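**Q** Just final28.txt, nothing more (compact mmCIF, C-alpha atoms):
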```txt
# COMPACT_ATOMS: atom_id res chain seq x y z
CA MET A 331 -48.38 -29.39 -83.76
CA HIS A 332 -49.17 -25.75 -82.98
CA THR A 333 -45.57 -25.21 -81.83
CA GLU A 334 -44.16 -26.63 -85.06
CA ALA A 335 -46.55 -24.51 -87.14
CA PHE A 336 -45.44 -21.39 -85.28
CA LYS A 337 -41.74 -22.21 -85.82
CA THR A 338 -42.31 -22.80 -89.52
CA LEU A 339 -44.31 -19.58 -89.89
CA LYS A 340 -41.62 -17.65 -88.01
CA LEU A 341 -38.96 -18.89 -90.43
CA ALA A 342 -41.26 -18.53 -93.43
CA GLY A 343 -42.34 -14.96 -92.66
CA PRO A 344 -39.29 -13.12 -94.04
CA ILE A 345 -38.98 -15.59 -96.92
CA ILE A 346 -42.62 -15.00 -97.88
CA VAL A 347 -42.25 -11.21 -97.68
CA GLY A 348 -39.15 -11.42 -99.89
CA GLU A 349 -40.91 -13.66 -102.42
CA LEU A 350 -43.94 -11.36 -102.50
CA ALA A 351 -41.69 -8.37 -103.06
CA GLN A 352 -39.99 -10.11 -105.99
CA MET A 353 -43.36 -11.07 -107.47
CA ALA A 354 -44.59 -7.52 -106.92
CA LEU A 355 -41.81 -6.33 -109.21
CA HIS A 356 -43.31 -8.36 -112.08
CA ILE A 357 -46.83 -7.23 -111.27
CA VAL A 358 -45.75 -3.57 -111.15
CA ASP A 359 -43.95 -4.00 -114.48
CA ALA A 360 -47.08 -5.53 -116.03
CA ALA A 361 -49.34 -2.83 -114.59
CA MET A 362 -47.09 0.06 -115.67
CA VAL A 363 -46.49 -1.38 -119.15
CA GLY A 364 -50.20 -2.21 -119.50
CA THR A 365 -51.10 1.49 -119.21
CA ILE A 366 -49.42 2.05 -122.59
CA SER A 367 -51.51 -0.54 -124.45
CA TYR A 368 -52.76 -4.09 -124.13
CA LYS A 369 -50.30 -5.12 -126.87
CA HIS A 370 -47.42 -3.97 -124.70
CA LEU A 371 -48.91 -6.06 -121.88
CA ALA A 372 -49.24 -9.03 -124.23
CA ALA A 373 -45.59 -8.60 -125.34
CA ALA A 374 -44.43 -8.61 -121.73
CA ALA A 375 -46.56 -11.71 -121.11
CA LEU A 376 -45.04 -13.48 -124.12
CA VAL A 377 -41.48 -12.86 -122.94
CA LEU A 378 -42.23 -13.88 -119.36
CA ASN A 379 -43.94 -17.08 -120.53
CA VAL A 380 -41.02 -18.06 -122.78
CA MET A 381 -38.40 -17.16 -120.14
CA ASN A 382 -40.25 -18.70 -117.25
CA ILE A 383 -39.17 -22.31 -117.80
CA PRO A 384 -35.38 -21.75 -118.08
CA PHE A 385 -35.46 -19.06 -115.38
CA ILE A 386 -37.31 -21.33 -112.95
CA LEU A 387 -34.85 -24.13 -113.72
CA GLY A 388 -32.07 -21.78 -112.62
CA ILE A 389 -33.91 -20.82 -109.43
CA GLY A 390 -34.50 -24.51 -108.71
CA MET A 391 -30.75 -25.14 -108.92
CA THR A 392 -30.16 -22.66 -106.11
CA ILE A 393 -32.39 -24.77 -103.83
CA SER A 394 -29.59 -27.34 -103.58
CA VAL A 395 -27.56 -24.73 -101.68
CA SER A 396 -30.12 -24.25 -98.91
CA GLN A 397 -30.79 -27.99 -98.66
CA LEU A 398 -27.18 -29.07 -98.11
CA VAL A 399 -26.33 -26.02 -96.00
CA SER A 400 -29.33 -26.74 -93.77
CA LEU A 401 -28.43 -30.43 -93.49
CA SER A 402 -24.85 -29.56 -92.49
CA ASN A 403 -26.08 -26.89 -90.09
CA GLY A 404 -28.29 -29.49 -88.40
CA ARG A 405 -25.12 -31.47 -87.74
CA ASN A 406 -23.27 -28.33 -86.53
CA ASP A 407 -20.68 -28.87 -89.28
CA VAL A 408 -19.33 -25.37 -89.99
CA PRO A 409 -16.63 -26.46 -92.50
CA ALA A 410 -19.23 -28.39 -94.54
CA VAL A 411 -21.54 -25.35 -94.61
CA SER A 412 -18.71 -23.21 -96.01
CA HIS A 413 -17.76 -25.91 -98.50
CA TYR A 414 -21.30 -26.28 -99.85
CA PHE A 415 -21.69 -22.51 -100.06
CA PHE A 416 -18.60 -22.10 -102.24
CA ASN A 417 -19.31 -24.99 -104.59
CA GLY A 418 -23.03 -24.19 -104.72
CA PHE A 419 -22.41 -20.55 -105.64
CA LEU A 420 -20.05 -21.58 -108.46
CA LEU A 421 -22.59 -24.09 -109.77
CA CYS A 422 -25.29 -21.41 -109.73
CA THR A 423 -22.97 -18.98 -111.53
CA CYS A 424 -22.37 -21.46 -114.34
CA THR A 425 -26.11 -22.14 -114.52
CA ALA A 426 -26.96 -18.43 -114.64
CA VAL A 427 -24.50 -17.67 -117.46
CA PHE A 428 -25.68 -20.64 -119.51
CA ILE A 429 -29.37 -19.69 -119.16
CA SER A 430 -28.70 -16.02 -119.88
CA VAL A 431 -26.68 -16.68 -123.04
CA SER A 432 -29.29 -19.19 -124.25
CA LEU A 433 -32.13 -16.70 -123.79
CA VAL A 434 -30.32 -13.80 -125.46
CA LEU A 435 -29.12 -15.81 -128.46
CA GLY A 436 -32.37 -17.75 -128.75
CA ARG A 437 -34.81 -14.84 -128.54
CA GLY A 438 -35.60 -15.23 -132.24
CA VAL A 439 -37.87 -18.13 -131.24
CA LEU A 440 -40.52 -15.53 -130.41
CA ALA A 441 -41.16 -15.06 -134.13
CA HIS A 442 -42.04 -18.75 -134.55
CA LEU A 443 -44.71 -19.18 -131.89
CA GLY A 444 -47.73 -18.05 -133.90
CA GLN A 445 -48.03 -14.75 -132.04
CA ASP A 446 -49.24 -11.35 -133.25
CA ALA A 447 -46.46 -9.71 -135.35
CA GLU A 448 -46.67 -6.37 -133.52
CA VAL A 449 -46.47 -8.15 -130.17
CA VAL A 450 -43.34 -10.04 -131.28
CA ALA A 451 -41.67 -6.82 -132.47
CA LEU A 452 -42.24 -5.25 -129.06
CA ALA A 453 -41.10 -8.39 -127.23
CA LEU A 454 -37.71 -9.03 -128.90
CA PRO A 455 -35.64 -6.21 -127.29
CA PHE A 456 -37.40 -6.79 -123.96
CA MET A 457 -36.40 -10.46 -123.95
CA LYS A 458 -32.74 -9.57 -124.57
CA LEU A 459 -32.66 -7.33 -121.50
CA LEU A 460 -34.53 -9.77 -119.27
CA GLY A 461 -32.23 -12.54 -120.44
CA LEU A 462 -29.22 -10.54 -119.23
CA SER A 463 -30.93 -9.83 -115.91
CA VAL A 464 -31.08 -13.57 -115.18
CA ILE A 465 -27.42 -13.56 -114.09
CA PRO A 466 -27.67 -11.13 -111.14
CA MET A 467 -31.04 -12.58 -110.13
CA ILE A 468 -29.87 -16.20 -109.89
CA LEU A 469 -26.70 -15.13 -108.10
CA PHE A 470 -28.82 -13.16 -105.62
CA MET A 471 -30.98 -16.26 -105.11
CA ALA A 472 -27.88 -18.41 -104.51
CA LEU A 473 -26.73 -16.06 -101.75
CA LYS A 474 -30.27 -15.92 -100.37
CA GLN A 475 -30.55 -19.72 -100.25
CA PHE A 476 -27.27 -19.89 -98.29
CA ALA A 477 -28.58 -17.42 -95.71
CA ASP A 478 -32.01 -19.09 -95.63
CA GLY A 479 -30.39 -22.50 -95.05
CA LEU A 480 -28.80 -21.06 -91.91
CA GLU A 481 -32.21 -19.55 -90.97
CA TYR A 482 -30.97 -15.96 -91.41
CA THR A 483 -33.77 -14.71 -93.62
CA LYS A 484 -34.35 -11.04 -92.79
CA THR A 485 -31.57 -9.40 -94.84
CA ALA A 486 -32.74 -10.84 -98.17
CA MET A 487 -36.29 -9.85 -97.23
CA LEU A 488 -35.29 -6.23 -96.57
CA LEU A 489 -33.35 -6.02 -99.83
CA SER A 490 -36.30 -7.44 -101.76
CA LEU A 491 -38.57 -4.84 -100.18
CA LEU A 492 -36.16 -2.01 -100.96
CA ALA A 493 -35.96 -3.22 -104.57
CA LEU A 494 -39.66 -2.49 -105.06
CA PRO A 495 -39.57 1.34 -104.78
CA VAL A 496 -36.27 1.40 -106.70
CA ASN A 497 -37.82 -0.57 -109.55
CA ILE A 498 -40.97 1.59 -109.55
CA LEU A 499 -38.88 4.77 -109.77
CA LEU A 500 -36.73 3.37 -112.58
CA ASN A 501 -39.86 2.22 -114.43
CA TRP A 502 -41.40 5.67 -114.05
CA LEU A 503 -38.27 7.29 -115.44
CA LEU A 504 -37.51 4.86 -118.28
CA ILE A 505 -40.92 3.57 -119.39
CA TYR A 506 -42.61 6.97 -119.58
CA GLY A 507 -39.56 9.22 -120.10
CA ASN A 508 -39.97 11.42 -117.02
CA TRP A 509 -37.40 13.94 -115.69
CA GLY A 510 -35.71 14.20 -119.07
CA PHE A 511 -35.05 10.47 -119.49
CA PRO A 512 -35.86 8.93 -122.90
CA ARG A 513 -39.30 7.30 -123.24
CA MET A 514 -38.32 3.64 -123.73
CA GLU A 515 -41.66 1.97 -122.90
CA LEU A 516 -41.22 -1.84 -122.66
CA THR A 517 -37.45 -1.61 -123.15
CA GLY A 518 -37.30 0.80 -120.22
CA ALA A 519 -38.91 -1.84 -118.00
CA GLY A 520 -36.15 -4.24 -119.07
CA TRP A 521 -33.38 -1.82 -118.10
CA ALA A 522 -35.08 -1.12 -114.77
CA THR A 523 -35.12 -4.87 -114.04
CA ILE A 524 -31.40 -5.30 -114.83
CA ILE A 525 -30.38 -2.38 -112.62
CA THR A 526 -32.59 -3.41 -109.70
CA ARG A 527 -31.48 -7.06 -109.74
CA THR A 528 -27.81 -6.09 -109.91
CA LEU A 529 -28.14 -3.72 -106.94
CA ILE A 530 -29.75 -6.29 -104.63
CA PHE A 531 -27.23 -8.99 -105.61
CA VAL A 532 -24.26 -6.74 -104.82
CA ALA A 533 -25.83 -5.57 -101.55
CA LEU A 534 -26.52 -9.12 -100.28
CA GLY A 535 -23.02 -10.19 -101.30
CA VAL A 536 -21.48 -7.39 -99.21
CA VAL A 537 -23.59 -8.41 -96.20
CA ILE A 538 -22.66 -12.10 -96.40
CA PHE A 539 -18.96 -11.46 -96.85
CA ARG A 540 -18.71 -8.68 -94.23
CA HIS A 541 -21.33 -9.29 -91.50
CA PRO A 542 -20.07 -10.94 -88.26
CA ILE A 543 -22.87 -13.56 -88.35
CA PHE A 544 -21.34 -15.21 -91.41
CA GLN A 545 -17.67 -14.76 -90.50
CA LYS A 546 -17.18 -18.27 -89.07
CA TYR A 547 -18.18 -19.69 -92.46
CA MET A 548 -16.04 -17.24 -94.39
CA ALA A 549 -13.10 -18.09 -92.11
CA GLU A 550 -13.13 -21.64 -93.49
CA ARG A 551 -12.53 -20.45 -97.05
CA HIS A 552 -8.80 -21.32 -97.13
CA ALA A 553 -9.50 -24.95 -96.29
CA GLN A 554 -12.97 -25.49 -97.75
CA TRP A 555 -13.26 -23.27 -100.83
CA ARG A 556 -12.09 -25.87 -103.33
CA LEU A 557 -13.90 -27.45 -106.24
CA ASN A 558 -15.02 -30.98 -105.46
CA ARG A 559 -16.55 -33.39 -107.96
CA LYS A 560 -18.50 -35.34 -105.33
CA THR A 561 -19.90 -32.11 -103.90
CA TRP A 562 -21.10 -31.01 -107.33
CA SER A 563 -22.70 -34.45 -107.76
CA ARG A 564 -24.58 -33.99 -104.47
CA LEU A 565 -25.66 -30.48 -105.46
CA LEU A 566 -26.84 -31.65 -108.87
CA ALA A 567 -28.63 -34.66 -107.38
CA ILE A 568 -30.85 -32.20 -105.50
CA GLY A 569 -30.73 -29.21 -107.84
CA ILE A 570 -31.72 -30.93 -111.09
CA PRO A 571 -34.84 -32.70 -109.74
CA SER A 572 -35.79 -29.57 -107.76
CA SER A 573 -35.44 -27.48 -110.92
CA LEU A 574 -37.53 -29.94 -112.87
CA GLN A 575 -40.21 -30.05 -110.17
CA ILE A 576 -40.66 -26.30 -110.08
CA GLY A 577 -40.22 -26.11 -113.85
CA MET A 578 -43.00 -28.64 -114.43
CA GLU A 579 -45.61 -26.33 -112.91
CA ALA A 580 -44.12 -23.09 -114.22
CA GLY A 581 -43.68 -24.69 -117.63
CA ALA A 582 -47.29 -25.82 -117.72
CA PHE A 583 -48.50 -22.29 -117.06
CA ALA A 584 -45.94 -20.84 -119.50
CA LEU A 585 -46.92 -23.22 -122.30
CA SER A 586 -50.57 -22.48 -121.60
CA GLY A 587 -49.81 -18.78 -121.96
CA ILE A 588 -48.10 -19.35 -125.32
CA LEU A 589 -51.02 -21.49 -126.53
CA ILE A 590 -53.48 -18.85 -125.34
CA GLY A 591 -51.49 -16.27 -127.32
CA THR A 592 -52.34 -18.20 -130.50
CA ILE A 593 -56.06 -17.71 -129.71
CA SER A 594 -55.95 -13.90 -129.48
CA VAL A 595 -54.01 -10.98 -128.05
CA VAL A 596 -56.97 -10.24 -125.77
CA ALA A 597 -56.86 -13.78 -124.34
CA GLN A 598 -53.12 -13.53 -123.75
CA ALA A 599 -53.43 -10.20 -121.94
CA ALA A 600 -56.26 -11.56 -119.76
CA HIS A 601 -54.22 -14.68 -119.01
CA GLN A 602 -51.28 -12.53 -117.90
CA ILE A 603 -53.50 -10.54 -115.52
CA ALA A 604 -54.99 -13.64 -113.90
CA LEU A 605 -51.61 -15.39 -113.77
CA SER A 606 -49.97 -12.36 -112.14
CA CYS A 607 -52.57 -12.39 -109.36
CA ALA A 608 -52.37 -16.18 -108.89
CA SER A 609 -48.56 -16.06 -108.90
CA PHE A 610 -48.65 -13.44 -106.14
CA THR A 611 -50.64 -15.70 -103.79
CA PHE A 612 -48.45 -18.65 -104.82
CA MET A 613 -45.40 -16.85 -103.41
CA VAL A 614 -46.77 -17.33 -99.88
CA SER A 615 -47.09 -21.07 -100.47
CA LEU A 616 -43.60 -21.13 -101.97
CA GLY A 617 -42.18 -19.35 -98.92
CA LEU A 618 -43.91 -21.84 -96.62
CA ALA A 619 -42.53 -24.70 -98.73
CA GLN A 620 -38.99 -23.34 -98.47
CA ALA A 621 -39.31 -22.94 -94.70
CA CYS A 622 -40.70 -26.42 -94.07
CA SER A 623 -38.09 -27.86 -96.44
CA ILE A 624 -35.27 -26.19 -94.49
CA ARG A 625 -36.73 -27.35 -91.16
CA THR A 626 -37.24 -30.96 -92.30
CA SER A 627 -33.71 -31.01 -93.76
CA ASN A 628 -32.37 -29.78 -90.42
CA ALA A 629 -34.38 -32.47 -88.59
CA LEU A 630 -33.10 -35.07 -91.08
CA GLY A 631 -29.56 -34.10 -90.09
CA ASN A 632 -30.48 -35.17 -86.55
CA GLY A 633 -32.41 -38.26 -87.72
CA ASP A 634 -35.58 -36.99 -86.02
CA TRP A 635 -38.43 -38.46 -88.09
CA LEU A 636 -41.10 -37.77 -85.46
CA ARG A 637 -40.29 -34.08 -85.71
CA ILE A 638 -40.40 -34.33 -89.51
CA LYS A 639 -43.91 -35.81 -89.23
CA LYS A 640 -45.05 -32.94 -87.00
CA ILE A 641 -43.52 -30.30 -89.28
CA GLY A 642 -45.24 -31.86 -92.30
CA ALA A 643 -48.69 -32.19 -90.73
CA SER A 644 -48.68 -28.67 -89.26
CA THR A 645 -47.47 -27.01 -92.47
CA LEU A 646 -50.02 -28.83 -94.61
CA LEU A 647 -52.76 -27.62 -92.27
CA VAL A 648 -51.53 -24.03 -92.61
CA ALA A 649 -51.40 -24.45 -96.42
CA LEU A 650 -54.98 -25.76 -96.47
CA ILE A 651 -56.28 -22.79 -94.47
CA TYR A 652 -54.35 -20.35 -96.63
CA GLY A 653 -55.68 -21.92 -99.83
CA VAL A 654 -59.27 -21.55 -98.65
CA VAL A 655 -58.72 -17.88 -97.78
CA CYS A 656 -57.19 -17.17 -101.20
CA ALA A 657 -60.02 -18.97 -102.98
CA PHE A 658 -62.62 -16.76 -101.32
CA GLY A 659 -60.48 -13.68 -101.99
CA PHE A 660 -60.24 -14.31 -105.74
CA ALA A 661 -63.94 -15.10 -106.00
CA LEU A 662 -64.83 -11.82 -104.30
CA LEU A 663 -62.29 -9.65 -106.14
CA LYS A 664 -62.50 -11.14 -109.66
CA ASN A 665 -63.99 -7.92 -111.06
CA TRP A 666 -61.90 -5.53 -108.94
CA LEU A 667 -58.35 -6.68 -109.67
CA PRO A 668 -58.15 -6.67 -113.52
CA PRO A 669 -58.69 -2.87 -113.94
CA PHE A 670 -55.35 -2.29 -112.16
CA PHE A 671 -53.64 -3.83 -115.21
CA ASN A 672 -55.63 -2.72 -118.24
CA SER A 673 -58.78 -0.87 -119.30
CA ASN A 674 -59.83 -2.86 -122.38
CA ALA A 675 -63.38 -4.16 -121.79
CA GLU A 676 -62.81 -7.55 -123.47
CA VAL A 677 -59.58 -8.13 -121.53
CA LEU A 678 -61.25 -7.24 -118.23
CA GLN A 679 -64.21 -9.54 -118.79
CA LEU A 680 -62.08 -12.57 -119.66
CA ALA A 681 -59.61 -11.86 -116.85
CA GLY A 682 -62.51 -11.93 -114.36
CA VAL A 683 -63.52 -15.40 -115.59
CA LEU A 684 -59.94 -16.68 -115.34
CA LEU A 685 -59.60 -15.29 -111.80
CA LEU A 686 -62.67 -17.29 -110.81
CA LEU A 687 -60.93 -20.41 -112.12
CA ALA A 688 -57.77 -19.37 -110.25
CA ALA A 689 -59.87 -19.36 -107.07
CA VAL A 690 -60.73 -23.02 -107.66
CA PHE A 691 -57.11 -24.22 -107.68
CA GLN A 692 -55.81 -22.18 -104.73
CA ILE A 693 -56.13 -25.05 -102.23
CA SER A 694 -54.48 -27.71 -104.40
CA ASP A 695 -51.77 -25.26 -105.53
CA SER A 696 -50.85 -24.46 -101.94
CA THR A 697 -50.85 -28.06 -100.67
CA GLN A 698 -48.92 -29.50 -103.63
CA THR A 699 -46.21 -26.87 -103.19
CA ILE A 700 -45.84 -27.82 -99.52
CA GLY A 701 -45.80 -31.52 -100.41
CA ALA A 702 -42.92 -30.98 -102.84
CA GLY A 703 -41.04 -28.88 -100.25
CA LEU A 704 -41.39 -31.53 -97.55
CA LEU A 705 -40.10 -34.23 -99.88
CA ARG A 706 -37.10 -32.06 -100.84
CA GLY A 707 -36.39 -31.64 -97.14
CA ILE A 708 -36.03 -35.41 -96.68
CA LYS A 709 -33.98 -35.61 -99.92
CA ASP A 710 -36.70 -37.48 -101.81
CA VAL A 711 -36.67 -35.76 -105.18
CA THR A 712 -36.46 -38.31 -108.00
CA LEU A 713 -39.83 -40.10 -107.84
CA PRO A 714 -41.72 -36.88 -106.91
CA THR A 715 -40.34 -35.32 -110.11
CA PHE A 716 -41.96 -38.09 -112.16
CA LEU A 717 -45.21 -37.74 -110.23
CA ILE A 718 -45.31 -34.01 -110.96
CA ALA A 719 -44.50 -34.65 -114.63
CA ILE A 720 -47.43 -37.06 -114.89
CA ALA A 721 -49.84 -34.68 -113.15
CA TYR A 722 -49.05 -31.68 -115.37
CA TRP A 723 -47.75 -32.96 -118.67
CA VAL A 724 -49.52 -36.31 -119.07
CA VAL A 725 -52.87 -35.31 -117.55
CA GLY A 726 -53.30 -31.56 -116.99
CA LEU A 727 -51.98 -29.98 -120.19
CA PRO A 728 -53.40 -32.55 -122.66
CA VAL A 729 -56.84 -32.33 -121.04
CA GLY A 730 -56.64 -28.52 -121.06
CA TYR A 731 -55.63 -28.44 -124.72
CA PHE A 732 -58.43 -30.87 -125.58
CA LEU A 733 -60.99 -28.68 -123.80
CA ALA A 734 -59.62 -25.51 -125.39
CA VAL A 735 -59.55 -26.84 -128.96
CA LYS A 736 -62.08 -29.68 -129.18
CA TYR A 737 -64.77 -28.04 -127.06
CA LYS A 738 -63.84 -24.48 -128.07
CA LEU A 739 -63.43 -23.33 -124.45
CA GLY A 740 -60.34 -21.27 -125.29
CA ALA A 741 -58.35 -19.90 -122.36
CA GLN A 742 -60.90 -21.29 -119.88
CA GLY A 743 -60.31 -24.82 -121.18
CA LEU A 744 -56.56 -24.59 -120.63
CA TRP A 745 -57.09 -23.29 -117.12
CA LEU A 746 -59.45 -26.19 -116.33
CA GLY A 747 -56.65 -28.54 -117.36
CA LEU A 748 -54.26 -26.73 -115.02
CA ILE A 749 -56.75 -27.18 -112.15
CA LEU A 750 -56.79 -30.93 -112.80
CA GLY A 751 -52.99 -31.12 -112.91
CA LEU A 752 -52.54 -29.18 -109.68
CA THR A 753 -55.08 -31.32 -107.84
CA LEU A 754 -53.53 -34.61 -108.97
CA SER A 755 -50.04 -33.35 -108.09
CA SER A 756 -51.19 -32.40 -104.59
CA ILE A 757 -52.69 -35.81 -103.90
CA LEU A 758 -49.69 -37.77 -105.20
CA LEU A 759 -47.06 -35.71 -103.33
CA ILE A 760 -48.85 -35.75 -99.98
CA LEU A 761 -49.37 -39.52 -100.21
CA ARG A 762 -45.67 -39.95 -101.05
CA PHE A 763 -44.54 -37.89 -98.05
CA ARG A 764 -46.92 -39.70 -95.70
CA GLY A 765 -45.69 -43.09 -96.95
CA ARG A 766 -42.01 -42.19 -96.41
CA VAL A 767 -42.61 -40.89 -92.88
CA VAL A 768 -44.72 -43.90 -91.83
CA LYS A 769 -42.05 -46.25 -93.16
CA GLN A 770 -39.20 -44.51 -91.33
CA LEU A 771 -41.11 -44.34 -88.06
CA ALA A 772 -41.95 -48.04 -88.35
CA VAL A 773 -38.26 -48.84 -88.85
CA ALA A 774 -37.34 -46.70 -85.83
CA GLY A 775 -40.02 -48.44 -83.72
CA ALA A 776 -38.81 -51.89 -84.74
CA SER A 777 -35.26 -51.07 -83.75
```
As a first step, turn the structure in this file into structure tokens.
**A**
Amino acid sequence: MHTEAFKTLKLAGPIIVGELAQMALHIVDAAMVGTISYKHLAAAALVLNVMNIPFILGIGMTISVSQLVSLSNGRNDVPAVSHYFFNGFLLCTCTAVFISVSLVLGRGVLAHLGQDAEVVALALPFMKLLGLSVIPMILFMALKQFADGLEYTKTAMLLSLLALPVNILLNWLLIYGNWGFPRMELTGAGWATIITRTLIFVALGVVIFRHPIFQKYMAERHAQWRLNRKTWSRLLAIGIPSSLQIGMEAGAFALSGILIGTISVVAQAAHQIALSCASFTFMVSLGLAQACSIRTSNALGNGDWLRIKKIGASTLLVALIYGVVCAFGFALLKNWLPPFFNSNAEVLQLAGVLLLLAAVFQISDSTQTIGAGLLRGIKDVTLPTFLIAIAYWVVGLPVGYFLAVKYKLGAQGLWLGLILGLTLSSILLILRFRGRVVKQLAVAGAS
């Protein structure tokens, strides 16, 4: 088990660093915008909450690329890897354009969500720019998933790390108007995001198409780079449920943020601070989930269910330990982290309370993410999607809304509902994975 845990962590390391770097971009944006005013922070939170669901659906679609590339790589099928890369990238391109156009044309919805009028006015131009930035970001993720599926993870990690200082510099120039640049405030953060995402997409594309490591897959392009209806069906069969799975959780938090925004601007700003911190720790769990998913998919290509069992057990143990560490960290730092985002006393006090609640769900958040990743690795995505939907949307959100409105608990009530949803999701997904593995090993033993 220790060997499998080490192999998963070795693969996950660069993925995690890359995910943390991407999340750090959002946190830096929130922190730099929050220095202007808490209404600017609330406007950024509103846009991110509204965009989160469609954006996550797009990211989920890219997962189908790594899954089928990894499965084919486990079978040493180079032509199939190239074929899935080409069709997967085209599918992700169509998805990215559709999401981007929908967000840009539909940004007027911000005015109909019961939010503060000044916050909406600040948010509208920011949403247009972030909507456009979806295209280079999803295309970057599609290329990244291809490389990750082949277990070449370091290049995307390095680019994600390099994007951080570039984004900070652009924010400094465009948000505050330094070195003669116009002071654009929240709009400047939007332009910085578009430029940074475009640069890392182009850079990773050059590496994949020019580096010797990937040349054997590029060499198959004349024979394999053709549209195929069955291939798109396979990609969609994984991509749509994966998108929905990730979207269920992200959507629950996004809808909670919108509902919290109807309570007060202070509550929305505090929610964004706590959510930014919780999302940062979640990126480690997400990186682990991607790594164990790739490894189980590779093992599935070889039909090795005993190895799949070992990968699952070892990764869940790592997730459990990590969740405990994060829980203690949030509990200890609940009054230290919020001042990095804003100085308003009411915002800071509420953010500290929400961070304490975030500490409670760290264990279940980590383990449920791994459970979903393991099930994707063995191509079990349909039933888990329904299980996640029940946990969040039938149980978690309704209970949270009831606590927030009926018992007047406000933002805290919604977060208590999220804790319940995460915990139920974790239990259901782990039981599902265990049941599938036991069944397959029993079949193998009988034969």
**Q** Within 6 Å of region 740-745 of chain A, counting all atoms listed in the file, which residues qualify if same-chain residues fewer than 6 places away don't, as a PyMOL selection string?
**A** chain A and resi 590+730-731+733-734
**Q** Taking into account all atoms listed in the file, which residue in the set A:Ala681, A:Leu462, A:Ile757, A:Thr697 is nearest to Leu647 (chain A)?
**A** A:Thr697
**Q** Counting only C-alpha atoms, which of A:Val711, A:Gly703, A:Cys424, A:Ile624 gets nearest to Ser756 (chain A)?
**A**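 Smallest distance to Ser756 (chain A) is found for A:Gly703.
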**Q** Using all atoms listed in the file, collect all residues at a distance of at most 10 Å from (-31.6, -12.2, -120.6) as written in the file, then present them as a VMD selection string.
**A** chain A and resid 381 385 426 to 427 429 to 437 455 to 465 520 524
**Q** Find the residue from A:Leu754, A:Ile530, A:Val363, A:Ala342 that sits nearest to Pro466 (chain A); use all atoms listed in the file when measuring.
**A**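 So, comparing all the options, the nearest one is A:Ile530.
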**Q** Find the residue from A:Met514, A:Ile638, A:Ala688, A:Ile468 that sits nearest to Leu387 (chain A); use only C-alpha atoms when measuring.
**A**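 Looking only at the distances to Leu387 (chain A), the closest residue turns out to be A:Ile468.
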